[in-house]
$ cat work-v8.cif   # mmCIF, C-alpha atoms
data_upload
#
loop_
_atom_site.label_atom_id
_atom_site.label_comp_id
_atom_site.auth_asym_id
_atom_site.auth_seq_id
_atom_site.Cartn_x
_atom_site.Cartn_y
_atom_site.Cartn_z
CA MET C 1496 -25.18 -31.65 -16.12
CA ILE C 1497 -23.46 -28.84 -14.18
CA GLN C 1498 -22.55 -25.91 -16.39
CA PRO C 1499 -18.76 -25.40 -16.29
CA ARG C 1500 -18.26 -21.72 -15.37
CA THR C 1501 -16.34 -19.43 -13.04
CA LEU C 1502 -17.64 -16.90 -10.53
CA LYS C 1503 -17.74 -13.23 -11.58
CA GLY C 1504 -14.41 -11.58 -10.82
CA PHE C 1505 -12.52 -14.89 -10.85
CA ARG C 1506 -10.81 -16.60 -13.74
CA ASP C 1507 -8.97 -19.70 -14.87
CA TYR C 1508 -5.49 -19.51 -16.33
CA LEU C 1509 -4.71 -21.49 -19.47
CA PRO C 1510 -1.10 -22.60 -20.04
CA GLN C 1511 -0.11 -19.56 -22.11
CA ALA C 1512 -1.28 -17.13 -19.40
CA MET C 1513 0.08 -19.29 -16.59
CA LEU C 1514 3.53 -19.49 -18.19
CA ALA C 1515 3.56 -15.69 -18.45
CA ARG C 1516 2.52 -15.41 -14.77
CA GLU C 1517 5.27 -17.78 -13.71
CA HIS C 1518 7.77 -15.75 -15.74
CA LEU C 1519 6.77 -12.62 -13.80
CA ILE C 1520 6.87 -14.47 -10.47
CA ASP C 1521 10.33 -15.87 -11.23
CA ALA C 1522 11.54 -12.37 -12.17
CA ALA C 1523 10.12 -10.89 -8.95
CA ARG C 1524 11.60 -13.67 -6.83
CA GLY C 1525 15.02 -13.19 -8.43
CA VAL C 1526 15.06 -9.41 -7.89
CA TYR C 1527 13.81 -9.67 -4.30
CA ARG C 1528 16.43 -12.25 -3.42
CA SER C 1529 19.16 -10.13 -5.00
CA TYR C 1530 18.43 -7.49 -2.34
CA GLY C 1531 18.40 -10.01 0.51
CA PHE C 1532 14.63 -10.40 0.99
CA ALA C 1533 13.66 -13.83 2.39
CA PRO C 1534 10.44 -15.75 1.57
CA ILE C 1535 7.58 -16.24 4.04
CA ASP C 1536 3.97 -17.43 3.81
CA THR C 1537 0.87 -16.78 5.93
CA PRO C 1538 -2.63 -18.33 5.93
CA ALA C 1539 -5.29 -17.19 3.46
CA LEU C 1540 -7.70 -16.94 6.41
CA GLU C 1541 -7.11 -14.70 9.42
CA TYR C 1542 -9.19 -13.86 12.47
CA LEU C 1543 -11.51 -11.08 11.35
CA GLU C 1544 -10.14 -8.73 14.01
CA VAL C 1545 -6.71 -8.97 12.37
CA LEU C 1546 -8.03 -7.66 9.03
CA ALA C 1547 -11.02 -5.44 9.81
CA GLY C 1548 -10.35 -1.71 10.09
CA LYS C 1549 -6.75 -1.97 8.90
CA GLY C 1550 -7.03 -0.81 5.29
CA SER C 1551 -9.89 1.61 4.63
CA ASP C 1552 -13.67 1.78 4.69
CA GLU C 1553 -13.58 0.50 1.12
CA THR C 1554 -11.45 -2.56 1.87
CA ASP C 1555 -13.69 -3.34 4.87
CA LYS C 1556 -16.67 -3.40 2.51
CA GLN C 1557 -14.78 -5.62 0.06
CA LEU C 1558 -13.61 -8.08 2.73
CA TYR C 1559 -14.70 -11.69 2.27
CA LYS C 1560 -15.77 -12.65 5.79
CA PHE C 1561 -17.79 -15.43 7.43
CA THR C 1562 -18.17 -17.53 10.55
CA ASP C 1563 -16.28 -20.82 10.26
CA ALA C 1564 -17.38 -24.25 11.51
CA GLY C 1565 -15.82 -23.52 14.89
CA GLY C 1566 -17.89 -20.37 15.35
CA ARG C 1567 -14.93 -18.04 14.76
CA ASP C 1568 -15.30 -14.79 12.78
CA VAL C 1569 -12.73 -15.01 10.01
CA GLY C 1570 -11.80 -13.16 6.83
CA MET C 1571 -9.80 -13.79 3.68
CA ARG C 1572 -6.75 -11.54 3.43
CA PHE C 1573 -7.30 -8.47 1.22
CA ASP C 1574 -3.58 -7.74 0.97
CA LEU C 1575 -0.30 -9.18 2.25
CA THR C 1576 0.77 -6.20 4.37
CA VAL C 1577 -1.74 -6.50 7.21
CA PRO C 1578 -0.95 -10.22 7.71
CA LEU C 1579 2.74 -9.23 7.68
CA ALA C 1580 2.15 -6.82 10.56
CA ARG C 1581 0.53 -9.64 12.55
CA PHE C 1582 3.35 -12.01 11.52
CA ALA C 1583 6.10 -9.55 12.51
CA ALA C 1584 4.50 -8.89 15.90
CA GLN C 1585 4.19 -12.63 16.53
CA TYR C 1586 7.73 -13.63 15.49
CA ALA C 1587 9.85 -10.45 15.92
CA GLN C 1588 12.12 -12.05 18.51
CA GLN C 1589 12.83 -15.08 16.30
CA LEU C 1590 13.28 -13.07 13.11
CA GLY C 1591 15.62 -10.35 14.37
CA LEU C 1592 15.40 -6.79 13.09
CA PRO C 1593 15.50 -5.34 10.56
CA PHE C 1594 13.67 -8.15 8.80
CA LYS C 1595 13.37 -8.23 5.00
CA ARG C 1596 10.73 -10.50 3.49
CA TYR C 1597 8.97 -11.21 0.23
CA HIS C 1598 5.61 -12.93 -0.10
CA ILE C 1599 3.99 -14.04 -3.35
CA ALA C 1600 0.40 -15.19 -2.85
CA SER C 1601 -3.27 -14.63 -3.71
CA VAL C 1602 -5.52 -12.06 -1.98
CA TRP C 1603 -9.27 -11.48 -2.25
CA ARG C 1604 -11.43 -8.36 -2.49
CA GLY C 1605 -15.13 -8.31 -3.37
CA GLU C 1606 -14.83 -5.24 -5.59
CA ASN C 1607 -16.29 -4.27 -8.95
CA THR C 1608 -14.33 -5.94 -11.72
CA GLN C 1609 -12.65 -3.91 -14.44
CA ARG C 1610 -9.79 -4.18 -16.91
CA GLY C 1611 -6.84 -5.82 -15.19
CA ARG C 1612 -8.66 -6.07 -11.84
CA TYR C 1613 -10.21 -9.24 -10.39
CA ARG C 1614 -11.68 -10.36 -7.07
CA GLU C 1615 -8.93 -12.89 -6.61
CA PHE C 1616 -5.51 -11.67 -7.61
CA MET C 1617 -1.91 -12.34 -6.79
CA GLN C 1618 0.42 -9.90 -5.10
CA CYS C 1619 4.20 -10.06 -5.12
CA ASP C 1620 5.19 -8.13 -2.00
CA PHE C 1621 8.53 -7.18 -0.50
CA ASP C 1622 8.91 -5.35 2.83
CA THR C 1623 11.49 -4.25 5.36
CA ILE C 1624 10.37 -4.30 9.00
CA GLY C 1625 12.09 -2.70 11.98
CA THR C 1626 13.77 0.40 10.51
CA GLU C 1627 12.82 3.99 9.71
CA SER C 1628 15.99 4.62 7.71
CA ALA C 1629 16.09 6.59 4.48
CA ALA C 1630 18.14 3.72 3.03
CA SER C 1631 15.14 1.40 3.20
CA ASP C 1632 12.95 4.07 1.55
CA ILE C 1633 15.50 4.44 -1.25
CA GLU C 1634 15.89 0.68 -1.63
CA THR C 1635 12.13 0.25 -2.09
CA ALA C 1636 12.25 2.47 -5.20
CA LEU C 1637 15.35 0.65 -6.47
CA VAL C 1638 13.67 -2.75 -6.17
CA ILE C 1639 10.64 -1.47 -8.13
CA HIS C 1640 12.99 -0.05 -10.78
CA ASP C 1641 14.97 -3.29 -11.13
CA LEU C 1642 11.80 -5.37 -11.17
CA LEU C 1643 10.15 -3.48 -14.06
CA SER C 1644 13.45 -3.48 -15.95
CA LYS C 1645 13.91 -7.23 -15.42
CA ILE C 1646 10.40 -7.98 -16.66
CA GLY C 1647 11.17 -6.22 -19.92
CA PHE C 1648 9.81 -2.68 -19.69
CA ALA C 1649 13.28 -1.07 -19.79
CA ASP C 1650 12.60 2.66 -20.21
CA ALA C 1651 8.82 2.34 -20.53
CA PHE C 1652 7.74 3.09 -16.96
CA THR C 1653 7.76 5.86 -14.35
CA ILE C 1654 7.92 5.52 -10.57
CA GLN C 1655 5.86 8.25 -8.91
CA VAL C 1656 6.89 9.10 -5.35
CA ASN C 1657 5.39 11.28 -2.65
CA HIS C 1658 5.36 11.52 1.15
CA ARG C 1659 2.30 11.40 3.36
CA GLY C 1660 3.99 13.88 5.69
CA VAL C 1661 4.01 16.52 2.96
CA LEU C 1662 0.31 15.93 2.32
CA ASN C 1663 -0.49 16.01 6.04
CA GLY C 1664 1.63 19.14 6.47
CA LEU C 1665 -0.38 20.97 3.84
CA LEU C 1666 -3.65 19.87 5.45
CA GLU C 1667 -2.33 21.07 8.80
CA THR C 1668 -1.66 24.55 7.39
CA LEU C 1669 -5.16 24.57 5.85
CA GLY C 1670 -6.85 23.52 9.08
CA LEU C 1671 -7.85 20.11 7.69
CA ALA C 1672 -5.51 17.91 9.74
CA GLU C 1673 -8.39 16.26 11.63
CA GLN C 1674 -10.02 15.31 8.33
CA SER C 1675 -6.84 14.06 6.64
CA THR C 1676 -8.15 10.50 6.11
CA HIS C 1677 -11.16 11.71 4.10
CA VAL C 1678 -9.11 14.27 2.15
CA LEU C 1679 -6.38 11.78 1.26
CA ARG C 1680 -8.93 9.20 0.11
CA ALA C 1681 -10.47 11.86 -2.14
CA ILE C 1682 -7.09 12.91 -3.58
CA ASP C 1683 -6.30 9.27 -4.32
CA LYS C 1684 -9.24 9.26 -6.77
CA LEU C 1685 -7.99 12.29 -8.71
CA ALA C 1686 -6.87 10.36 -11.78
CA LYS C 1687 -10.08 8.32 -11.84
CA ILE C 1688 -12.81 10.93 -11.29
CA GLY C 1689 -11.17 14.29 -11.97
CA PRO C 1690 -10.67 17.45 -9.88
CA GLU C 1691 -14.31 18.63 -9.78
CA LYS C 1692 -15.61 15.40 -8.26
CA VAL C 1693 -12.63 15.21 -5.89
CA ALA C 1694 -13.38 18.76 -4.69
CA ALA C 1695 -17.03 17.82 -4.17
CA GLU C 1696 -16.05 14.72 -2.21
CA MET C 1697 -13.67 16.72 0.03
CA GLN C 1698 -16.45 19.17 0.80
CA GLU C 1699 -18.95 16.38 1.45
CA THR C 1700 -16.86 13.92 3.48
CA ALA C 1701 -14.20 16.17 5.05
CA GLY C 1702 -16.25 19.31 5.48
CA ALA C 1703 -13.70 21.30 3.47
CA THR C 1704 -14.72 24.72 2.21
CA GLU C 1705 -14.63 25.47 -1.50
CA GLU C 1706 -11.49 27.53 -0.92
CA GLN C 1707 -9.77 24.77 1.05
CA ALA C 1708 -10.64 22.18 -1.59
CA GLY C 1709 -9.28 24.52 -4.26
CA GLN C 1710 -5.99 24.94 -2.39
CA VAL C 1711 -5.62 21.16 -2.02
CA LEU C 1712 -6.20 20.71 -5.75
CA GLU C 1713 -3.77 23.52 -6.56
CA PHE C 1714 -1.18 21.71 -4.46
CA ALA C 1715 -1.92 18.35 -6.15
CA ALA C 1716 -1.52 19.96 -9.60
CA LEU C 1717 2.13 20.94 -9.05
CA GLU C 1718 4.28 19.63 -11.90
CA GLY C 1719 7.77 19.97 -13.29
CA PRO C 1720 11.28 18.64 -12.65
CA ASN C 1721 11.63 17.09 -9.20
CA GLN C 1722 13.87 19.83 -7.81
CA GLN C 1723 11.51 22.51 -9.05
CA VAL C 1724 8.52 20.84 -7.36
CA LEU C 1725 10.51 20.50 -4.12
CA GLU C 1726 11.21 24.23 -4.17
CA GLN C 1727 7.54 25.02 -4.80
CA LEU C 1728 6.52 22.82 -1.85
CA LYS C 1729 8.78 24.47 0.72
CA PRO C 1730 6.68 27.59 1.33
CA MET C 1731 3.47 25.54 1.23
CA VAL C 1732 4.47 23.42 4.26
CA ALA C 1733 6.78 25.92 5.98
CA GLU C 1734 4.50 26.26 9.00
CA SER C 1735 4.19 22.52 9.58
CA GLU C 1736 6.85 20.45 11.33
CA VAL C 1737 5.49 17.19 9.90
CA GLY C 1738 5.35 18.74 6.43
CA GLU C 1739 8.95 19.97 6.57
CA ALA C 1740 10.16 16.58 7.84
CA GLY C 1741 8.33 14.82 5.02
CA LEU C 1742 9.81 17.18 2.45
CA ALA C 1743 13.32 16.63 3.81
CA ARG C 1744 12.88 12.85 3.56
CA LEU C 1745 11.55 13.18 0.01
CA GLU C 1746 14.62 15.15 -1.02
CA GLU C 1747 16.91 12.61 0.66
CA VAL C 1748 15.21 9.69 -1.09
CA LEU C 1749 15.32 11.33 -4.53
CA THR C 1750 19.02 12.11 -4.04
CA GLY C 1751 19.72 8.51 -3.02
CA ILE C 1752 17.85 7.05 -6.00
CA ALA C 1753 19.88 9.24 -8.34
CA ALA C 1754 23.12 8.24 -6.57
CA ALA C 1755 22.28 4.58 -7.25
CA GLY C 1756 22.34 5.33 -10.98
CA VAL C 1757 18.63 5.40 -11.81
CA ALA C 1758 17.90 7.70 -14.75
CA PRO C 1759 16.18 10.94 -13.63
CA GLU C 1760 13.23 10.41 -15.99
CA ARG C 1761 12.39 7.09 -14.32
CA VAL C 1762 11.37 8.74 -11.03
CA LYS C 1763 8.84 11.57 -10.70
CA LEU C 1764 7.80 13.51 -7.64
CA ASP C 1765 4.01 13.51 -7.91
CA VAL C 1766 2.26 15.28 -5.05
CA SER C 1767 -1.14 14.14 -6.30
CA ILE C 1768 -0.64 10.50 -5.26
CA ALA C 1769 -1.89 9.67 -1.78
CA ARG C 1770 -2.53 5.88 -1.78
CA GLY C 1771 -5.99 4.98 -0.52
CA LEU C 1772 -5.03 2.73 2.39
CA ASP C 1773 -5.11 4.43 5.77
CA TYR C 1774 -2.02 2.76 7.20
CA TYR C 1775 0.56 4.66 5.11
CA THR C 1776 2.59 7.21 7.12
CA GLY C 1777 5.60 8.23 5.01
CA MET C 1778 6.99 7.60 1.53
CA ILE C 1779 4.49 6.30 -1.02
CA TYR C 1780 5.12 4.84 -4.47
CA GLU C 1781 3.11 4.14 -7.62
CA THR C 1782 4.38 2.90 -10.97
CA THR C 1783 2.75 3.57 -14.33
CA LEU C 1784 3.54 2.23 -17.79
CA THR C 1785 4.40 4.76 -20.48
CA GLN C 1786 2.28 3.04 -23.14
CA LEU C 1787 -0.70 2.26 -20.88
CA PRO C 1788 -0.90 4.92 -18.15
CA ASP C 1789 -4.66 4.51 -17.82
CA ILE C 1790 -4.37 0.90 -16.65
CA GLY C 1791 -3.26 2.26 -13.28
CA SER C 1792 -0.33 1.51 -11.03
CA VAL C 1793 1.40 -1.83 -11.58
CA ALA C 1794 3.70 -1.59 -8.55
CA SER C 1795 2.68 0.37 -5.46
CA GLY C 1796 3.48 0.70 -1.79
CA GLY C 1797 4.82 2.90 0.94
CA ARG C 1798 5.87 3.31 4.55
CA TYR C 1799 3.59 2.19 7.37
CA ASP C 1800 5.21 2.90 10.73
CA ASN C 1801 2.20 2.31 12.99
CA LEU C 1802 0.44 -0.74 11.56
CA ALA C 1803 2.06 -3.35 13.82
CA GLN C 1804 1.21 -1.41 17.00
CA MET C 1805 -2.26 -2.92 16.79
CA PHE C 1806 -0.64 -6.28 17.59
CA THR C 1807 2.29 -5.43 19.87
CA LYS C 1808 3.75 -2.70 22.08
CA GLN C 1809 7.09 -3.16 20.32
CA ARG C 1810 7.68 -0.50 17.67
CA LEU C 1811 7.90 -2.21 14.28
CA PRO C 1812 8.05 0.41 11.52
CA GLY C 1813 7.83 -0.98 8.01
CA ILE C 1814 8.07 -0.12 4.35
CA GLY C 1815 7.40 -2.12 1.22
CA ALA C 1816 5.68 -2.39 -2.11
CA SER C 1817 3.80 -4.89 -4.24
CA LEU C 1818 3.88 -5.87 -7.89
CA GLY C 1819 0.32 -6.03 -9.25
CA LEU C 1820 0.82 -9.27 -11.10
CA ASP C 1821 -2.58 -9.63 -12.77
CA ARG C 1822 -2.80 -5.98 -13.79
CA LEU C 1823 0.73 -6.10 -15.20
CA LEU C 1824 -0.05 -9.31 -17.07
CA ALA C 1825 -3.18 -7.68 -18.56
CA ALA C 1826 -1.00 -4.79 -19.72
CA MET C 1827 1.58 -7.13 -21.22
CA GLU C 1828 -1.14 -9.01 -23.10
CA GLU C 1829 -2.45 -5.71 -24.45
CA LEU C 1830 1.04 -4.69 -25.54
CA GLY C 1831 1.76 -8.05 -27.21
CA MET C 1832 4.50 -8.92 -24.72
CA VAL C 1833 3.13 -12.39 -23.89
CA PRO C 1834 4.60 -14.96 -26.30
CA GLU C 1835 2.36 -17.50 -28.03
CA VAL C 1836 3.75 -20.40 -26.02
CA ARG C 1837 1.73 -23.16 -24.35
CA THR C 1838 4.56 -25.33 -23.12
CA PRO C 1839 7.62 -24.77 -20.94
CA ALA C 1840 9.60 -27.34 -22.98
CA GLU C 1841 11.86 -25.89 -25.68
CA VAL C 1842 12.60 -29.29 -27.19
CA PHE C 1843 10.17 -31.69 -28.88
CA VAL C 1844 10.98 -35.33 -29.67
CA PRO C 1845 8.62 -37.11 -32.11
CA LEU C 1846 7.84 -40.80 -31.65
CA PHE C 1847 8.00 -42.73 -34.94
CA ASN C 1848 6.96 -46.16 -33.67
CA GLU C 1849 6.69 -48.13 -30.44
CA GLU C 1850 9.95 -50.01 -31.16
CA LEU C 1851 11.87 -46.72 -30.86
CA LEU C 1852 10.31 -45.76 -27.52
CA GLY C 1853 13.25 -47.08 -25.47
CA PRO C 1854 16.01 -45.28 -27.41
CA LEU C 1855 13.97 -42.06 -27.55
CA LEU C 1856 13.28 -42.19 -23.80
CA LYS C 1857 17.06 -42.47 -23.32
CA LEU C 1858 17.70 -39.57 -25.72
CA SER C 1859 15.13 -37.41 -23.93
CA SER C 1860 16.60 -38.25 -20.52
CA ASP C 1861 20.12 -37.36 -21.71
CA LEU C 1862 18.89 -34.00 -23.02
CA ARG C 1863 17.12 -33.25 -19.71
CA ALA C 1864 20.28 -34.20 -17.81
CA ALA C 1865 22.06 -31.55 -19.90
CA GLY C 1866 19.61 -28.92 -18.59
CA LEU C 1867 17.10 -28.86 -21.44
CA ARG C 1868 13.31 -29.08 -21.08
CA VAL C 1869 12.07 -31.89 -23.32
CA GLU C 1870 8.68 -33.28 -24.31
CA LEU C 1871 8.56 -36.74 -25.90
CA PHE C 1872 5.36 -37.27 -27.89
CA ASN C 1873 3.28 -40.08 -26.39
CA GLU C 1874 1.83 -41.72 -29.50
CA PRO C 1875 3.34 -42.77 -32.84
CA LYS C 1876 1.76 -40.62 -35.57
CA LYS C 1877 2.80 -39.20 -38.91
CA LEU C 1878 5.76 -36.85 -38.48
CA GLY C 1879 3.85 -33.94 -40.07
CA LYS C 1880 1.06 -34.15 -37.50
CA GLN C 1881 3.54 -34.35 -34.63
CA LEU C 1882 5.41 -31.27 -35.89
CA GLN C 1883 2.09 -29.40 -36.22
CA TYR C 1884 1.45 -30.22 -32.56
CA ALA C 1885 4.91 -28.89 -31.64
CA ASP C 1886 4.40 -25.71 -33.65
CA LYS C 1887 1.04 -24.93 -31.99
CA ARG C 1888 2.48 -25.29 -28.51
CA GLY C 1889 5.53 -23.17 -29.13
CA HIS C 1890 8.33 -25.72 -29.01
CA ARG C 1891 11.44 -24.16 -30.49
CA VAL C 1892 13.43 -27.22 -31.52
CA ALA C 1893 12.55 -30.72 -32.69
CA VAL C 1894 14.99 -33.60 -32.29
CA ILE C 1895 14.15 -36.15 -34.97
CA ALA C 1896 15.51 -39.68 -34.66
CA GLY C 1897 13.94 -42.37 -36.82
CA PRO C 1898 15.12 -45.97 -37.29
CA ASP C 1899 17.99 -44.97 -39.64
CA GLU C 1900 19.24 -42.19 -37.34
CA ILE C 1901 19.06 -44.45 -34.27
CA GLU C 1902 21.06 -47.14 -36.07
CA ALA C 1903 23.69 -44.58 -37.09
CA GLY C 1904 23.79 -43.00 -33.60
CA GLU C 1905 22.64 -39.68 -35.01
CA CYS C 1906 19.69 -37.29 -34.81
CA GLN C 1907 18.36 -34.35 -36.77
CA ILE C 1908 18.11 -30.97 -34.98
CA LYS C 1909 15.29 -28.96 -36.56
CA ASN C 1910 14.74 -25.23 -35.89
CA LEU C 1911 10.94 -24.97 -35.79
CA ALA C 1912 11.02 -21.19 -36.32
CA ASP C 1913 12.67 -21.22 -39.74
CA GLY C 1914 12.55 -24.91 -40.72
CA SER C 1915 16.34 -25.33 -41.02
CA SER C 1916 17.94 -28.53 -39.76
CA THR C 1917 21.27 -30.18 -39.17
CA THR C 1918 22.33 -33.76 -38.43
CA VAL C 1919 24.65 -34.46 -35.49
CA LYS C 1920 25.85 -37.37 -33.41
CA MET C 1921 23.59 -38.22 -30.45
CA GLU C 1922 26.26 -37.22 -27.92
CA ALA C 1923 26.57 -33.77 -29.55
CA ALA C 1924 22.81 -33.08 -29.64
CA ALA C 1925 22.57 -31.23 -26.31
CA GLY C 1926 25.40 -28.85 -27.19
CA GLU C 1927 23.98 -28.14 -30.65
CA ILE C 1928 20.51 -27.44 -29.22
CA ALA C 1929 21.93 -25.14 -26.53
CA LYS C 1930 23.84 -23.22 -29.20
CA LEU C 1931 20.69 -22.90 -31.33
CA LEU C 1932 18.55 -21.70 -28.41
CA SER C 1933 21.10 -19.13 -27.25
CA ALA C 1934 21.37 -17.70 -30.77
CA GLU C 1935 17.63 -16.91 -30.97
#
$ encode --input "work-v8.cif" --output "structure tokens"
Amino acid sequence: MIQPRTLKGFRDYLPQAMLAREHLIDAARGVYRSYGFAPIDTPALEYLEVLAGKGSDETDKQLYKFTDAGGRDVGMRFDLTVPLARFAAQYAQQLGLPFKRYHIASVWRGENTQRGRYREFMQCDFDTIGTESAASDIETALVIHDLLSKIGFADAFTIQVNHRGVLNGLLETLGLAEQSTHVLRAIDKLAKIGPEKVAAEMQETAGATEEQAGQVLEFAALEGPNQQVLEQLKPMVAESEVGEAGLARLEEVLTGIAAAGVAPERVKLDVSIARGLDYYTGMIYETTLTQLPDIGSVASGGRYDNLAQMFTKQRLPGIGASLGLDRLLAAMEELGMVPEVRTPAEVFVPLFNEELLGPLLKLSSDLRAAGLRVELFNEPKKLGKQLQYADKRGHRVAVIAGPDEIEAGECQIKNLADGSSTTVKMEAAAGEIAKLLSAE
């Protein structure tokens, strides 16, 4: 016998978890479409040269790669942004610019597993390709805001924003511009390993002096209202053109987000976030949950204006973000936001005996035609056992029609939450159920 088990870092999804995942995916799809983003898909496997060296040293180490049966070096995508850059370069003329896309699919990274993090996980990306406009930077934050609100977090999240130009400007003034990749990777670990270890890493990998590392950490520790932090940053990047440009874009984006009606407390300028991937060039975004800040960012992204140049001479600047579906689902489970439901069908129809199968099939079909999701039980059993089945799976309403009800052209509508019931004519059943469901 083969032991039924899953590989470390991978997992199965039972109906309750899968229904919650699909709820999140549907929410993401709806928000993305409301902003005009169109769906695309790309292969799980890419030529290794497409993926390697595009994220960071860490993602290169985590890359699942092998030689296929045709002798080609291939890899499994570690995110959806690098394949997008290849896709945009390949189809730019057909797509037209700017091009707005969303992509919901699995990615793979051979990393150490931890809470809310797996080796196979799904990303829900949205991106705008072919523009460097502030409007697209602002819109990225608005999509994240609407997405978290739609999912049900309302006021329980914060979008942290920063700009790589501001970070690079500071490093330029400190004489660390040539080592920016190593410094930014170290800063990105600040929340995980703390300032002392980050300072040590900057000194080890970037060759920063103790004083330089201290100045970087002093910069990253700036806090306060957004306008106050902006004012504090001005003298720190005053001698850097790239730093001043980044600061100006930050201010423009924050002003635009506020103009769109987003509450000030929902967006925070956080100069400590750097994002670990090397391809980011401008605005960067991370989103944390108020009740579970230590679970990490549940929606992240940024601007990457140079990524596509590896595939084409045409300039294809881009910006986008991704909803961390599995991490967010882990957070929702922890917060009790995932309902105890194992079925997508709200309505349950018990089967009393085989003679009633025909009429009950007709009843079920009529209810589905009215837009309801209906499960007809497959075997005649005692009503109590059938209702226990319905209760365990999370059906909300039972439509009970035995021989007497069928003969009278009636059925009983039973609210499975509180046990109350009412008898109605068959033709009125769909309307009564819809009314009951909308009232809950």
$ closest_residue --input "work-v8.cif" --among "C:Ala1512, C:Ala1583, C:Ile1654, C:Val1569" --to "Gly1813 of chain C" --atoms "all atoms listed in the file"
C:Ala1583
$ atom_distance --input "work-v8.cif" --atom1 "atom CA of Pro1845 of chain C" --atom2 "atom CA of Met1513 of chain C"
25.1 Å
$ atom_distance --input "work-v8.cif" --atom1 "atom CA of His1658 of chain C" --atom2 "atom CA of Leu1745 of chain C"
6.5 Å
$ atom_distance --input "work-v8.cif" --atom1 "atom CA of Thr1623 of chain C" --atom2 "atom CA of Leu1592 of chain C"
9.0 Å
$ residues_around --input "work-v8.cif" --residues "Leu1509 of chain C" --least-positions-apart "4" --cutoff "12 Å" --atoms "all atoms listed in the file" --output "PDB file with C-alpha atoms, in the coordinates of the input"
ATOM      1  CA  MET C1513       0.080 -19.290 -16.590  1.00  0.00           C
ATOM      2  CA  LEU C1514       3.530 -19.490 -18.190  1.00  0.00           C
ATOM      3  CA  ALA C1515       3.560 -15.690 -18.450  1.00  0.00           C
ATOM      4  CA  ARG C1516       2.520 -15.410 -14.770  1.00  0.00           C
ATOM      5  CA  GLU C1835       2.360 -17.500 -28.030  1.00  0.00           C
ATOM      6  CA  VAL C1836       3.750 -20.400 -26.020  1.00  0.00           C
ATOM      7  CA  ARG C1837       1.730 -23.160 -24.350  1.00  0.00           C
ATOM      8  CA  THR C1838       4.560 -25.330 -23.120  1.00  0.00           C
TER       9      THR C1838
END
$ resolve_selection --input "work-v8.cif" --expression "the PyMOL selection byres ((chain C and resi 1757) around 12)" --output "PyMOL selection string"
chain C and resi 1633-1634+1636-1641+1644+1649-1650+1653-1654+1749-1756+1758-1763
$ closest_residue --input "work-v8.cif" --among "C:Val1678, C:Ala1629, C:Met1571, C:Leu1546" --to "Glu1747 of chain C" --atoms "only C-alpha atoms"
C:Ala1629
$ closest_residue --input "work-v8.cif" --among "C:Lys1549, C:His1677, C:Lys1687, C:Lys1880" --to "Arg1581 of chain C" --atoms "only C-alpha atoms"
C:Lys1549
$ residues_near_point --input "work-v8.cif" --point "(12.0, 22.4, 9.3)" --cutoff "12 Å" --atoms "only C-alpha atoms" --output "number ranges by chain"
C: 1661, 1664, 1729-1730, 1732-1744
$ resolve_selection --input "work-v8.cif" --expression "the PyMOL selection byres ((chain C and resi 1811) around 8)" --output "list in words"
Ala1583, Ala1584, Ile1624, Gly1625, Thr1626, Asp1800, Asn1801, Ala1803, Gln1804, Gln1809, Arg1810, Pro1812 and Gly1813 of chain C
$ residues_around --input "work-v8.cif" --residues "segment 1680-1685 of chain C" --least-positions-apart "3" --cutoff "10 Å" --atoms "all atoms listed in the file" --output "NGL selection string"
:C and (1551-1553 or 1662 or 1675-1677 or 1688-1698 or 1700-1701 or 1711-1712 or 1715 or 1766-1773)
$ residues_around --input "work-v8.cif" --residues "Lys1909 of chain C" --least-positions-apart "3" --cutoff "6 Å" --atoms "only C-alpha atoms" --output "PDB file with C-alpha atoms, keeping the file's coordinate frame"
ATOM      1  CA  VAL C1892      13.430 -27.220 -31.520  1.00  0.00           C
ATOM      2  CA  ALA C1893      12.550 -30.720 -32.690  1.00  0.00           C
ATOM      3  CA  SER C1915      16.340 -25.330 -41.020  1.00  0.00           C
ATOM      4  CA  SER C1916      17.940 -28.530 -39.760  1.00  0.00           C
TER       5      SER C1916
END
$ resolve_selection --input "work-v8.cif" --expression "the PyMOL selection byres ((chain C and resi 1871-1879) around 8)" --output "CSV table (one decimal) with C-alpha atoms, keeping the file's coordinate frame"
chain,number,residue,atom,x,y,z
C,1843,PHE,CA,10.2,-31.7,-28.9
C,1844,VAL,CA,11.0,-35.3,-29.7
C,1845,PRO,CA,8.6,-37.1,-32.1
C,1846,LEU,CA,7.8,-40.8,-31.6
C,1847,PHE,CA,8.0,-42.7,-34.9
C,1848,ASN,CA,7.0,-46.2,-33.7
C,1849,GLU,CA,6.7,-48.1,-30.4
C,1855,LEU,CA,14.0,-42.1,-27.6
C,1856,LEU,CA,13.3,-42.2,-23.8
C,1859,SER,CA,15.1,-37.4,-23.9
C,1869,VAL,CA,12.1,-31.9,-23.3
C,1870,GLU,CA,8.7,-33.3,-24.3
C,1880,LYS,CA,1.1,-34.2,-37.5
C,1881,GLN,CA,3.5,-34.4,-34.6
C,1882,LEU,CA,5.4,-31.3,-35.9
C,1883,GLN,CA,2.1,-29.4,-36.2
$ closest_residue --input "work-v8.cif" --among "C:Gly1897, C:Gly1791, C:Pro1510, C:Gly1550" --to "Val1833 of chain C" --atoms "only C-alpha atoms"
C:Pro1510
$ residues_around --input "work-v8.cif" --residues "segment 1572-1575 of chain C" --least-positions-apart "6" --cutoff "6 Å" --atoms "all atoms listed in the file" --output "tab-separated table (two decimals) with C-alpha atoms, in the coordinates of the input"
chain	number	residue	atom	x	y	z
C	1539	ALA	CA	-5.29	-17.19	3.46
C	1602	VAL	CA	-5.52	-12.06	-1.98
C	1603	TRP	CA	-9.27	-11.48	-2.25
C	1604	ARG	CA	-11.43	-8.36	-2.49
